[in-house]
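Shown next: final_34.txt, containing compact mmCIF, C-alpha atoms.
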```
# COMPACT_ATOMS: atom_id res chain seq x y z
CA MET A 238 27.55 -7.54 -9.60
CA PRO A 239 25.78 -9.56 -6.82
CA ASP A 240 28.35 -8.27 -4.32
CA ASP A 241 27.62 -4.69 -5.38
CA LEU A 242 23.86 -5.17 -5.04
CA VAL A 243 23.80 -7.31 -1.88
CA SER A 244 26.31 -6.25 0.75
CA ASP A 245 27.83 -8.74 3.17
CA ALA A 246 25.97 -7.00 6.00
CA LEU A 247 22.61 -7.55 4.30
CA TRP A 248 23.35 -11.13 3.30
CA GLU A 249 24.56 -12.17 6.76
CA ARG A 250 21.24 -11.05 8.25
CA ILE A 251 18.90 -12.44 5.64
CA ALA A 252 20.56 -15.81 4.99
CA PRO A 253 19.40 -17.46 8.28
CA LEU A 254 15.81 -16.36 7.58
CA LEU A 255 15.46 -17.90 4.12
CA PRO A 256 13.52 -21.17 3.78
CA PRO A 257 15.67 -24.27 3.21
CA GLN A 258 16.46 -25.19 -0.36
CA PRO A 259 14.68 -28.24 -1.79
CA GLU A 260 16.79 -31.37 -2.07
CA ARG A 261 17.96 -32.33 -5.53
CA ARG A 262 16.86 -35.59 -7.05
CA HIS A 263 19.52 -38.27 -7.52
CA ARG A 264 18.22 -39.26 -10.93
CA HIS A 265 17.50 -36.53 -13.47
CA PRO A 266 18.36 -33.69 -11.04
CA GLY A 267 17.77 -31.02 -13.67
CA ARG A 268 19.35 -27.60 -13.84
CA LEU A 269 21.36 -26.31 -10.88
CA ARG A 270 19.42 -23.97 -8.58
CA VAL A 271 20.46 -20.32 -8.74
CA PRO A 272 22.14 -19.35 -5.43
CA ASP A 273 19.92 -17.37 -3.10
CA ARG A 274 22.34 -14.45 -2.93
CA VAL A 275 22.32 -14.12 -6.72
CA ALA A 276 18.51 -14.23 -6.78
CA LEU A 277 18.41 -11.58 -4.05
CA ALA A 278 20.69 -9.43 -6.21
CA GLY A 279 18.13 -9.71 -9.02
CA ILE A 280 15.36 -8.56 -6.66
CA VAL A 281 17.43 -5.62 -5.40
CA TYR A 282 18.33 -4.71 -9.00
CA VAL A 283 14.64 -4.41 -9.93
CA LEU A 284 13.90 -2.53 -6.71
CA ARG A 285 16.64 0.01 -7.32
CA LYS A 286 16.44 0.43 -11.09
CA GLY A 287 12.70 0.04 -11.58
CA VAL A 288 13.09 -2.13 -14.69
CA ALA A 289 10.63 -4.82 -15.70
CA TRP A 290 11.42 -8.34 -14.53
CA ARG A 291 11.94 -9.46 -18.11
CA ASP A 292 14.56 -6.74 -18.58
CA VAL A 293 16.89 -7.91 -15.81
CA PRO A 294 20.33 -8.37 -17.48
CA ALA A 295 21.08 -11.99 -16.62
CA PRO A 296 24.77 -11.85 -17.73
CA ILE A 297 25.38 -8.96 -15.33
CA VAL A 298 23.17 -9.84 -12.37
CA GLY A 299 23.68 -13.59 -12.60
CA CYS A 300 20.06 -14.75 -12.95
CA SER A 301 17.00 -14.06 -15.04
CA GLY A 302 14.19 -11.79 -13.95
CA VAL A 303 11.79 -14.75 -13.84
CA THR A 304 14.02 -16.50 -11.30
CA ALA A 305 14.26 -13.35 -9.18
CA TRP A 306 10.46 -12.88 -9.32
CA ARG A 307 9.83 -16.47 -8.24
CA ARG A 308 12.25 -16.13 -5.35
CA LEU A 309 10.53 -12.88 -4.32
CA ARG A 310 7.19 -14.70 -4.39
CA ASP A 311 8.47 -17.62 -2.29
CA TRP A 312 10.23 -15.44 0.28
CA THR A 313 7.28 -13.07 0.58
CA GLU A 314 4.90 -15.96 1.22
CA ALA A 315 7.38 -17.33 3.80
CA GLY A 316 7.35 -14.01 5.70
CA VAL A 317 11.07 -13.30 5.29
CA TRP A 318 10.85 -9.51 5.02
CA PRO A 319 8.93 -8.78 8.28
CA ARG A 320 11.34 -11.02 10.22
CA LEU A 321 14.34 -9.29 8.67
CA HIS A 322 12.82 -5.91 9.51
CA ALA A 323 12.27 -6.93 13.15
CA THR A 324 15.86 -8.16 13.40
CA LEU A 325 17.25 -4.88 12.09
CA LEU A 326 15.03 -2.81 14.38
CA GLY A 327 16.36 -4.79 17.33
CA GLU A 328 19.93 -4.05 16.28
CA LEU A 329 19.12 -0.36 15.90
CA ARG A 330 17.63 -0.25 19.37
CA LYS A 331 20.67 -2.01 20.82
CA ALA A 332 22.96 0.54 19.13
CA GLY A 333 20.92 3.44 20.52
CA LEU A 334 19.71 4.49 17.06
CA LEU A 335 15.99 3.98 17.65
CA GLU A 336 13.95 6.75 19.30
CA MET A 337 10.41 5.45 19.71
CA ASP A 338 9.12 7.95 22.25
CA ASP A 339 8.05 10.24 19.40
CA CYS A 340 6.65 8.67 16.23
CA ALA A 341 4.95 10.04 13.14
CA VAL A 342 2.53 8.52 10.62
CA ASP A 343 1.44 9.46 7.11
CA GLY A 344 0.39 8.08 3.72
CA SER A 345 1.57 8.66 0.16
CA HIS A 346 -0.16 8.01 -3.18
CA VAL A 347 1.51 6.02 -5.96
CA LYS A 348 0.30 5.40 -9.48
CA VAL A 349 -0.68 1.91 -10.65
CA SER A 350 0.11 0.51 -14.08
CA GLN A 351 -2.50 -2.29 -14.06
CA ARG A 352 -5.39 -3.72 -12.10
CA GLY A 353 -4.85 -5.74 -8.97
CA ASP A 354 -5.55 -5.99 -5.27
CA HIS A 355 -5.56 -2.83 -3.15
CA VAL A 356 -6.15 -0.55 -6.13
CA GLY A 357 -8.71 2.24 -6.12
CA PRO A 358 -9.52 5.61 -7.71
CA SER A 359 -7.05 8.15 -6.41
CA PRO A 360 -8.66 11.43 -5.26
CA VAL A 361 -5.42 13.32 -5.91
CA ASP A 362 -4.97 11.99 -9.48
CA ARG A 363 -8.38 12.68 -11.08
CA GLY A 364 -9.75 9.31 -10.09
CA ARG A 365 -7.09 7.29 -11.88
CA PRO A 366 -6.22 3.88 -10.38
CA GLY A 367 -3.74 4.20 -7.55
CA SER A 368 -2.48 2.73 -4.31
CA LYS A 369 -1.24 4.17 -1.04
CA HIS A 370 1.87 3.56 1.00
CA HIS A 371 1.33 4.08 4.73
CA VAL A 372 4.32 4.28 7.07
CA LEU A 373 4.96 4.74 10.77
CA VAL A 374 8.40 6.10 11.67
CA ASP A 375 10.37 6.98 14.80
CA ARG A 376 11.92 10.36 15.57
CA ARG A 377 14.88 9.63 13.25
CA GLY A 378 12.63 8.59 10.35
CA THR A 379 13.35 4.88 10.72
CA PRO A 380 10.36 2.95 9.30
CA LEU A 381 8.72 0.85 12.02
CA ALA A 382 5.77 -0.48 10.02
CA VAL A 383 4.34 -0.13 6.51
CA SER A 384 1.08 -1.08 4.82
CA LEU A 385 -0.48 -0.95 1.36
CA THR A 386 -4.06 0.04 0.51
CA GLY A 387 -6.09 1.27 -2.41
CA GLY A 388 -5.76 4.89 -3.45
CA ASN A 389 -9.28 5.66 -2.20
CA ARG A 390 -8.69 4.49 1.38
CA HIS A 391 -8.49 7.21 4.01
CA ASP A 392 -5.17 7.55 5.83
CA VAL A 393 -6.78 7.29 9.27
CA THR A 394 -8.06 3.77 8.53
CA GLN A 395 -4.47 2.51 8.70
CA LEU A 396 -3.54 4.21 11.96
CA ILE A 397 -4.40 1.30 14.27
CA PRO A 398 -3.24 -1.43 11.82
CA LEU A 399 0.16 0.28 11.58
CA LEU A 400 0.50 0.39 15.36
CA ASP A 401 -0.48 -3.29 15.53
CA ALA A 402 2.10 -4.13 12.85
CA VAL A 403 5.04 -2.77 14.85
CA PRO A 404 7.02 -5.84 15.98
CA ARG A 405 8.11 -6.43 19.55
CA ILE A 406 11.52 -4.81 19.28
CA ARG A 407 14.19 -6.32 21.46
CA GLY A 408 17.84 -5.32 21.69
CA LEU A 409 17.90 -4.06 25.29
CA ARG A 410 17.38 -5.77 28.61
CA GLY A 411 13.79 -5.71 29.77
CA ARG A 412 10.43 -5.78 28.06
CA PRO A 413 10.42 -5.48 24.24
CA ARG A 414 9.20 -2.15 22.88
CA ASN A 415 6.37 -1.96 20.36
CA LYS A 416 4.58 1.37 20.81
CA PRO A 417 5.48 5.07 21.11
CA LYS A 418 4.67 7.50 23.89
CA ARG A 419 3.57 10.29 21.53
CA LEU A 420 2.24 10.08 17.99
CA TYR A 421 2.35 12.98 15.52
CA ALA A 422 0.03 13.20 12.52
CA ASP A 423 -1.45 15.75 10.13
CA ARG A 424 -5.07 16.92 9.78
CA GLY A 425 -6.07 13.78 7.90
CA TYR A 426 -6.00 11.92 11.22
CA ASP A 427 -8.12 14.50 13.09
CA TYR A 428 -10.85 12.24 14.51
CA ASP A 429 -11.76 12.13 18.20
CA LYS A 430 -12.51 8.43 17.91
CA TYR A 431 -8.89 7.66 17.07
CA ARG A 432 -7.62 10.03 19.72
CA ARG A 433 -9.54 7.97 22.27
CA LEU A 434 -8.16 4.72 20.84
CA LEU A 435 -4.62 6.07 21.10
CA ARG A 436 -5.11 7.18 24.70
CA LYS A 437 -6.44 3.74 25.61
CA ARG A 438 -3.13 2.33 24.35
CA GLY A 439 -1.17 4.78 26.49
CA ILE A 440 -0.17 6.92 23.49
CA LYS A 441 -0.53 10.69 23.57
CA PRO A 442 -2.04 11.91 20.26
CA LEU A 443 -0.50 15.06 18.81
CA ILE A 444 -2.69 15.54 15.74
CA ALA A 445 -3.29 18.81 13.90
CA ARG A 446 -6.86 20.13 14.01
CA ARG A 447 -8.89 20.72 10.87
CA GLY A 448 -10.10 24.27 10.36
CA VAL A 449 -7.22 25.72 12.35
CA ALA A 450 -4.68 28.00 10.72
CA HIS A 451 -1.34 26.44 9.83
CA GLY A 452 1.52 26.95 12.20
CA SER A 453 0.72 24.42 14.93
CA GLY A 454 4.42 23.60 15.24
CA LEU A 455 3.88 19.85 14.76
CA GLY A 456 5.79 19.99 11.51
CA LYS A 457 9.03 20.42 13.46
CA THR A 458 8.69 16.80 14.53
CA ARG A 459 6.63 15.06 11.86
CA TRP A 460 8.71 16.21 8.88
CA VAL A 461 10.80 13.04 9.26
CA VAL A 462 7.97 10.91 7.82
CA GLU A 463 8.07 12.97 4.62
CA ARG A 464 11.81 12.38 4.41
CA THR A 465 11.21 8.64 4.84
CA PHE A 466 8.88 8.67 1.85
CA ALA A 467 11.65 10.39 -0.11
CA TRP A 468 14.02 7.60 0.94
CA LEU A 469 11.52 4.94 -0.11
CA HIS A 470 10.84 6.53 -3.47
CA GLN A 471 14.54 6.58 -4.24
CA PHE A 472 13.87 2.94 -5.06
CA LYS A 473 12.41 3.44 -8.52
CA ARG A 474 10.26 0.31 -8.41
CA LEU A 475 8.19 1.86 -5.62
CA ARG A 476 7.39 5.13 -7.41
CA THR A 477 4.80 3.35 -9.56
CA ARG A 478 3.18 0.08 -8.64
CA TYR A 479 3.75 -2.47 -11.41
CA GLU A 480 3.00 -5.68 -9.46
CA ARG A 481 -0.52 -6.98 -9.91
CA ARG A 482 -0.22 -8.93 -6.65
CA ALA A 483 -0.41 -6.61 -3.66
CA ASP A 484 1.65 -8.91 -1.44
CA LEU A 485 4.62 -8.76 -3.82
CA HIS A 486 4.58 -4.96 -3.97
CA LEU A 487 4.31 -4.88 -0.18
CA GLY A 488 7.24 -7.29 -0.04
CA LEU A 489 9.36 -4.89 -2.09
CA LEU A 490 8.24 -2.05 0.17
CA GLN A 491 9.28 -4.02 3.25
CA LEU A 492 12.63 -4.88 1.67
CA ALA A 493 13.24 -1.18 1.01
CA CYS A 494 12.50 -0.46 4.69
CA CYS A 495 15.07 -3.11 5.65
CA VAL A 496 17.68 -1.47 3.43
CA ILE A 497 16.96 1.93 5.03
CA CYS A 498 17.36 0.40 8.50
CA LEU A 499 20.62 -1.21 7.48
CA ARG A 500 21.93 2.06 6.10
CA GLN A 501 21.33 3.75 9.44
CA LEU A 502 22.92 0.83 11.25
CA SER A 503 25.99 1.03 9.00
CA LYS A 504 27.22 3.99 11.03
CA HIS A 505 28.18 1.47 13.73
CA LEU A 506 29.41 -1.32 11.43
CA PRO A 507 33.10 -2.05 10.78
CA PRO A 508 34.42 -0.51 7.54
CA GLU A 509 34.71 -3.92 5.85
CA GLN A 510 30.94 -4.41 6.29
CA ALA A 511 29.92 -1.00 4.97
CA VAL A 512 26.51 -1.05 3.31
CA ARG A 513 26.50 -0.44 -0.42
CA THR A 514 22.88 -1.40 -1.17
```

Just give me the structure as structure tokens.
Amino acid sequence: MPDDLVSDALWERIAPLLPPQPERRHRHPGRLRVPDRVALAGIVYVLRKGVAWRDVPAPIVGCSGVTAWRRLRDWTEAGVWPRLHATLLGELRKAGLLEMDDCAVDGSHVKVSQRGDHVGPSPVDRGRPGSKHHVLVDRRGTPLAVSLTGGNRHDVTQLIPLLDAVPRIRGLRGRPRNKPKRLYADRGYDYDKYRRLLRKRGIKPLIARRGVAHGSGLGKTRWVVERTFAWLHQFKRLRTRYERRADLHLGLLQLACCVICLRQLSKHLPPEQAVRT
């Protein structure tokens, strides 16, 4: 089962980024540590199936849900997922699969099962507690940066933080790339203040105007961000936020972005390294 959940392509990229394992004591060493790949399989199982951590089938996956949760906590605090994401984006750029000239941004509401950080009354769900996923994508829909906020936060408040969160993407000779030339967004981002901020960064804002009839034509380009949300919400754990800790839910969101990047990269991988995650 771990091999089915964690492909060789994913494991080869994430293994060098994991923190070193603690040394075992010579006297009273205790129980053997669960291998990192098996623990990662438990995390991916929860991400894909959406089950509770306590319901992870240890005989099938190879570890308990508690072990997988603890490893998710440790790796999230160590910053593993952003580094993995930056590595995959660099590989995509090297393979010619990253088109950053045109980017799109949007946000999506998700329900929340319990209280926690970055939770607020959702205006689209009768004021019930909710959170928001914000994502910035390239022309192909590849996620470049993601963030998590409360359900009552306006989408435009995450525009600049998302641009700042894009890593310096290498992969080609020359200066690393970390910003688009043009940015597409819907009417929720229609503020002249943010248009000026984008222009100062050398980014041309292509944002729909409020009060103008539909049919601006921007949807021909920015539809890819809606498809990216569909890709993300194929991971059942992301459809509803169950984690009380915001950093752990964001960690799962970043891991899902890494899997999406790896799926796109798999078009140029040898058949024996085909992605099955």

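Taking atom CA of A:Arg390 and atom CA of A:Val372 as endpoints, the distance between them is 14.2 Å.
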
Residues near A:Gly387, cut-off 7 Å, only C-alpha atoms, skip fewer than 6 positions along chain, as a PDB file with C-alpha atoms, in the frame of the given file:
```
ATOM      1  CA  HIS A 355      -5.560  -2.830  -3.150  1.00  0.00           C
ATOM      2  CA  VAL A 356      -6.150  -0.550  -6.130  1.00  0.00           C
ATOM      3  CA  GLY A 357      -8.710   2.240  -6.120  1.00  0.00           C
ATOM      4  CA  GLY A 367      -3.740   4.200  -7.550  1.00  0.00           C
ATOM      5  CA  SER A 368      -2.480   2.730  -4.310  1.00  0.00           C
ATOM      6  CA  LYS A 369      -1.240   4.170  -1.040  1.00  0.00           C
TER       7      LYS A 369
END
```

*Using all atoms listed in the file, which residues sit within 8 Å of A:Lys331 once same-chain residues fewer than 3 positions away are excluded, as a PyMOL selection string?*
chain A and resi 327-328+334+407-409

_So that I can see what lies close to A:Ala276, please list as a ChimeraX atom specification the residues with an atom at most 8 Å from it, counting all atoms listed in the file and leaving out residues fewer than 6 positions away in the same chain._
/A:299-300,304-305,308

*For A:Leu284, which residue among A:Arg476, A:Arg377, A:Lys437, A:Lys416 is the nearest when counting only C-alpha atoms?*
A:Arg476

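Nearest-residue note for A:Asp484: choosing from A:Leu329, A:Ala315, A:Ile497, A:Val293, the minimum distance belongs to A:Ala315, counting all atoms listed in the file.
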
Within 12 Å of (0.7, -7.1, 16.6), in the coordinates the file gives, what residues turn up when you count all atoms listed in the file, written out as a compact mmCIF listing (two decimals) with C-alpha atoms, in the frame of the given file?
```txt
# COMPACT_ATOMS: atom_id res chain seq x y z
CA PRO A 319 8.93 -8.78 8.28
CA ALA A 382 5.77 -0.48 10.02
CA ILE A 397 -4.40 1.30 14.27
CA PRO A 398 -3.24 -1.43 11.82
CA LEU A 399 0.16 0.28 11.58
CA LEU A 400 0.50 0.39 15.36
CA ASP A 401 -0.48 -3.29 15.53
CA ALA A 402 2.10 -4.13 12.85
CA VAL A 403 5.04 -2.77 14.85
CA PRO A 404 7.02 -5.84 15.98
CA ARG A 405 8.11 -6.43 19.55
CA ILE A 406 11.52 -4.81 19.28
CA ARG A 414 9.20 -2.15 22.88
CA ASN A 415 6.37 -1.96 20.36
CA LYS A 416 4.58 1.37 20.81
```

*asked:* Can you pull out the residues contacting A:Arg419? Cut-off 12 Å, using all atoms listed in the file, and skip same-chain residues under 3 positions away; I want them as an NGL selection string.
replied: :A and (336-342 or 374-376 or 416 or 422 or 432 or 435-436 or 438-444 or 455 or 458-459)

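If all atoms listed in the file are the atoms counted, then among A:Cys498, A:Leu434, A:Leu385, A:Val275 the closest residue to A:His371 is A:Leu385.
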
Return as AutoDock Vina command-line options the centre and edge lengths, in Å with one decimal, of the box along x, y and z that encloses every atom of stretch 400-414 of chain A in the file, padded by 3 Å per side.
```
--center_x 8.7 --center_y -3.0 --center_z 21.3 --size_x 24.4 --size_y 12.8 --size_z 22.9
```

*What does the distance between atom CA of A:Ser384 and atom CA of A:Leu487 come to in Å, to one decimal place?*
7.1 Å

Could I get stretch 303-314 of chain A rebuilt with all heavy atoms, written as a PDB file, in the frame of the given file?
```
ATOM      1  N   VAL A 303      12.812 -13.775 -14.249  1.00  0.00           N
ATOM      2  CA  VAL A 303      11.790 -14.750 -13.840  1.00  0.00           C
ATOM      3  C   VAL A 303      12.225 -15.465 -12.566  1.00  0.00           C
ATOM      4  O   VAL A 303      11.434 -15.666 -11.641  1.00  0.00           O
ATOM      5  CB  VAL A 303      11.530 -15.751 -14.976  1.00  0.00           C
ATOM      6  CG1 VAL A 303      10.582 -16.851 -14.510  1.00  0.00           C
ATOM      7  CG2 VAL A 303      10.950 -15.048 -16.196  1.00  0.00           C
ATOM      8  N   THR A 304      13.504 -15.845 -12.507  1.00  0.00           N
ATOM      9  CA  THR A 304      14.020 -16.500 -11.300  1.00  0.00           C
ATOM     10  C   THR A 304      13.936 -15.564 -10.100  1.00  0.00           C
ATOM     11  O   THR A 304      13.529 -15.967  -9.004  1.00  0.00           O
ATOM     12  CB  THR A 304      15.469 -16.937 -11.525  1.00  0.00           C
ATOM     13  OG1 THR A 304      15.516 -17.883 -12.617  1.00  0.00           O
ATOM     14  CG2 THR A 304      16.044 -17.579 -10.280  1.00  0.00           C
ATOM     15  N   ALA A 305      14.319 -14.312 -10.293  1.00  0.00           N
ATOM     16  CA  ALA A 305      14.260 -13.350  -9.180  1.00  0.00           C
ATOM     17  C   ALA A 305      12.813 -13.143  -8.729  1.00  0.00           C
ATOM     18  O   ALA A 305      12.534 -13.063  -7.521  1.00  0.00           O
ATOM     19  CB  ALA A 305      14.876 -12.024  -9.621  1.00  0.00           C
ATOM     20  N   TRP A 306      11.869 -13.072  -9.680  1.00  0.00           N
ATOM     21  CA  TRP A 306      10.460 -12.880  -9.320  1.00  0.00           C
ATOM     22  C   TRP A 306       9.938 -14.084  -8.527  1.00  0.00           C
ATOM     23  O   TRP A 306       9.232 -13.915  -7.523  1.00  0.00           O
ATOM     24  CB  TRP A 306       9.615 -12.692 -10.570  1.00  0.00           C
ATOM     25  CG  TRP A 306       8.173 -12.435 -10.282  1.00  0.00           C
ATOM     26  CD1 TRP A 306       7.562 -11.239 -10.066  1.00  0.00           C
ATOM     27  CD2 TRP A 306       7.131 -13.437 -10.145  1.00  0.00           C
ATOM     28  NE1 TRP A 306       6.228 -11.413  -9.819  1.00  0.00           N
ATOM     29  CE2 TRP A 306       5.926 -12.744  -9.847  1.00  0.00           C
ATOM     30  CE3 TRP A 306       7.115 -14.824 -10.238  1.00  0.00           C
ATOM     31  CZ2 TRP A 306       4.728 -13.408  -9.659  1.00  0.00           C
ATOM     32  CZ3 TRP A 306       5.918 -15.495 -10.041  1.00  0.00           C
ATOM     33  CH2 TRP A 306       4.736 -14.785  -9.762  1.00  0.00           C
ATOM     34  N   ARG A 307      10.296 -15.285  -8.959  1.00  0.00           N
ATOM     35  CA  ARG A 307       9.830 -16.470  -8.240  1.00  0.00           C
ATOM     36  C   ARG A 307      10.399 -16.530  -6.828  1.00  0.00           C
ATOM     37  O   ARG A 307       9.693 -16.910  -5.881  1.00  0.00           O
ATOM     38  CB  ARG A 307      10.228 -17.731  -9.019  1.00  0.00           C
ATOM     39  CG  ARG A 307       9.428 -17.936 -10.305  1.00  0.00           C
ATOM     40  CD  ARG A 307       9.981 -19.094 -11.100  1.00  0.00           C
ATOM     41  NE  ARG A 307       9.188 -19.340 -12.309  1.00  0.00           N
ATOM     42  CZ  ARG A 307       9.557 -20.147 -13.300  1.00  0.00           C
ATOM     43  NH1 ARG A 307      10.723 -20.795 -13.215  1.00  0.00           N
ATOM     44  NH2 ARG A 307       8.787 -20.308 -14.348  1.00  0.00           N
ATOM     45  N   ARG A 308      11.655 -16.132  -6.678  1.00  0.00           N
ATOM     46  CA  ARG A 308      12.250 -16.130  -5.350  1.00  0.00           C
ATOM     47  C   ARG A 308      11.599 -15.057  -4.470  1.00  0.00           C
ATOM     48  O   ARG A 308      11.395 -15.269  -3.278  1.00  0.00           O
ATOM     49  CB  ARG A 308      13.754 -15.920  -5.461  1.00  0.00           C
ATOM     50  CG  ARG A 308      14.585 -16.664  -4.416  1.00  0.00           C
ATOM     51  CD  ARG A 308      14.498 -18.186  -4.559  1.00  0.00           C
ATOM     52  NE  ARG A 308      14.988 -18.690  -5.818  1.00  0.00           N
ATOM     53  CZ  ARG A 308      16.246 -19.040  -6.042  1.00  0.00           C
ATOM     54  NH1 ARG A 308      17.143 -18.916  -5.074  1.00  0.00           N
ATOM     55  NH2 ARG A 308      16.624 -19.536  -7.201  1.00  0.00           N
ATOM     56  N   LEU A 309      11.264 -13.907  -5.065  1.00  0.00           N
ATOM     57  CA  LEU A 309      10.530 -12.880  -4.320  1.00  0.00           C
ATOM     58  C   LEU A 309       9.181 -13.410  -3.874  1.00  0.00           C
ATOM     59  O   LEU A 309       8.767 -13.193  -2.724  1.00  0.00           O
ATOM     60  CB  LEU A 309      10.346 -11.638  -5.195  1.00  0.00           C
ATOM     61  CG  LEU A 309       9.403 -10.554  -4.645  1.00  0.00           C
ATOM     62  CD1 LEU A 309       9.986  -9.913  -3.385  1.00  0.00           C
ATOM     63  CD2 LEU A 309       9.123  -9.485  -5.706  1.00  0.00           C
ATOM     64  N   ARG A 310       8.491 -14.110  -4.740  1.00  0.00           N
ATOM     65  CA  ARG A 310       7.190 -14.700  -4.390  1.00  0.00           C
ATOM     66  C   ARG A 310       7.328 -15.686  -3.235  1.00  0.00           C
ATOM     67  O   ARG A 310       6.579 -15.635  -2.255  1.00  0.00           O
ATOM     68  CB  ARG A 310       6.608 -15.399  -5.611  1.00  0.00           C
ATOM     69  CG  ARG A 310       5.302 -16.136  -5.369  1.00  0.00           C
ATOM     70  CD  ARG A 310       5.073 -17.151  -6.475  1.00  0.00           C
ATOM     71  NE  ARG A 310       6.148 -18.152  -6.517  1.00  0.00           N
ATOM     72  CZ  ARG A 310       6.325 -19.000  -7.529  1.00  0.00           C
ATOM     73  NH1 ARG A 310       5.518 -18.970  -8.573  1.00  0.00           N
ATOM     74  NH2 ARG A 310       7.319 -19.882  -7.502  1.00  0.00           N
ATOM     75  N   ASP A 311       8.306 -16.584  -3.325  1.00  0.00           N
ATOM     76  CA  ASP A 311       8.470 -17.620  -2.290  1.00  0.00           C
ATOM     77  C   ASP A 311       8.855 -16.993  -0.957  1.00  0.00           C
ATOM     78  O   ASP A 311       8.335 -17.383   0.103  1.00  0.00           O
ATOM     79  CB  ASP A 311       9.534 -18.622  -2.729  1.00  0.00           C
ATOM     80  CG  ASP A 311       9.118 -19.392  -3.976  1.00  0.00           C
ATOM     81  OD1 ASP A 311       7.906 -19.417  -4.290  1.00  0.00           O
ATOM     82  OD2 ASP A 311      10.004 -19.965  -4.645  1.00  0.00           O
ATOM     83  N   TRP A 312       9.769 -16.035  -0.975  1.00  0.00           N
ATOM     84  CA  TRP A 312      10.230 -15.440   0.280  1.00  0.00           C
ATOM     85  C   TRP A 312       9.168 -14.533   0.891  1.00  0.00           C
ATOM     86  O   TRP A 312       9.076 -14.427   2.110  1.00  0.00           O
ATOM     87  CB  TRP A 312      11.526 -14.673   0.031  1.00  0.00           C
ATOM     88  CG  TRP A 312      12.668 -15.569  -0.344  1.00  0.00           C
ATOM     89  CD1 TRP A 312      12.728 -16.920  -0.193  1.00  0.00           C
ATOM     90  CD2 TRP A 312      13.899 -15.183  -0.951  1.00  0.00           C
ATOM     91  NE1 TRP A 312      13.933 -17.402  -0.662  1.00  0.00           N
ATOM     92  CE2 TRP A 312      14.665 -16.366  -1.134  1.00  0.00           C
ATOM     93  CE3 TRP A 312      14.452 -13.974  -1.363  1.00  0.00           C
ATOM     94  CZ2 TRP A 312      15.947 -16.349  -1.700  1.00  0.00           C
ATOM     95  CZ3 TRP A 312      15.711 -13.956  -1.924  1.00  0.00           C
ATOM     96  CH2 TRP A 312      16.458 -15.127  -2.089  1.00  0.00           C
ATOM     97  N   THR A 313       8.370 -13.887   0.049  1.00  0.00           N
ATOM     98  CA  THR A 313       7.280 -13.070   0.580  1.00  0.00           C
ATOM     99  C   THR A 313       6.239 -13.946   1.260  1.00  0.00           C
ATOM    100  O   THR A 313       5.755 -13.627   2.354  1.00  0.00           O
ATOM    101  CB  THR A 313       6.637 -12.252  -0.543  1.00  0.00           C
ATOM    102  OG1 THR A 313       7.620 -11.377  -1.127  1.00  0.00           O
ATOM    103  CG2 THR A 313       5.489 -11.412  -0.015  1.00  0.00           C
ATOM    104  N   GLU A 314       5.880 -15.056   0.625  1.00  0.00           N
ATOM    105  CA  GLU A 314       4.900 -15.960   1.220  1.00  0.00           C
ATOM    106  C   GLU A 314       5.440 -16.613   2.489  1.00  0.00           C
ATOM    107  O   GLU A 314       4.665 -16.987   3.381  1.00  0.00           O
ATOM    108  CB  GLU A 314       4.504 -17.032   0.194  1.00  0.00           C
ATOM    109  CG  GLU A 314       3.739 -16.467  -0.993  1.00  0.00           C
ATOM    110  CD  GLU A 314       3.465 -17.512  -2.071  1.00  0.00           C
ATOM    111  OE1 GLU A 314       4.024 -18.640  -1.948  1.00  0.00           O
ATOM    112  OE2 GLU A 314       2.717 -17.217  -3.022  1.00  0.00           O
TER     113      GLU A 314
END
```
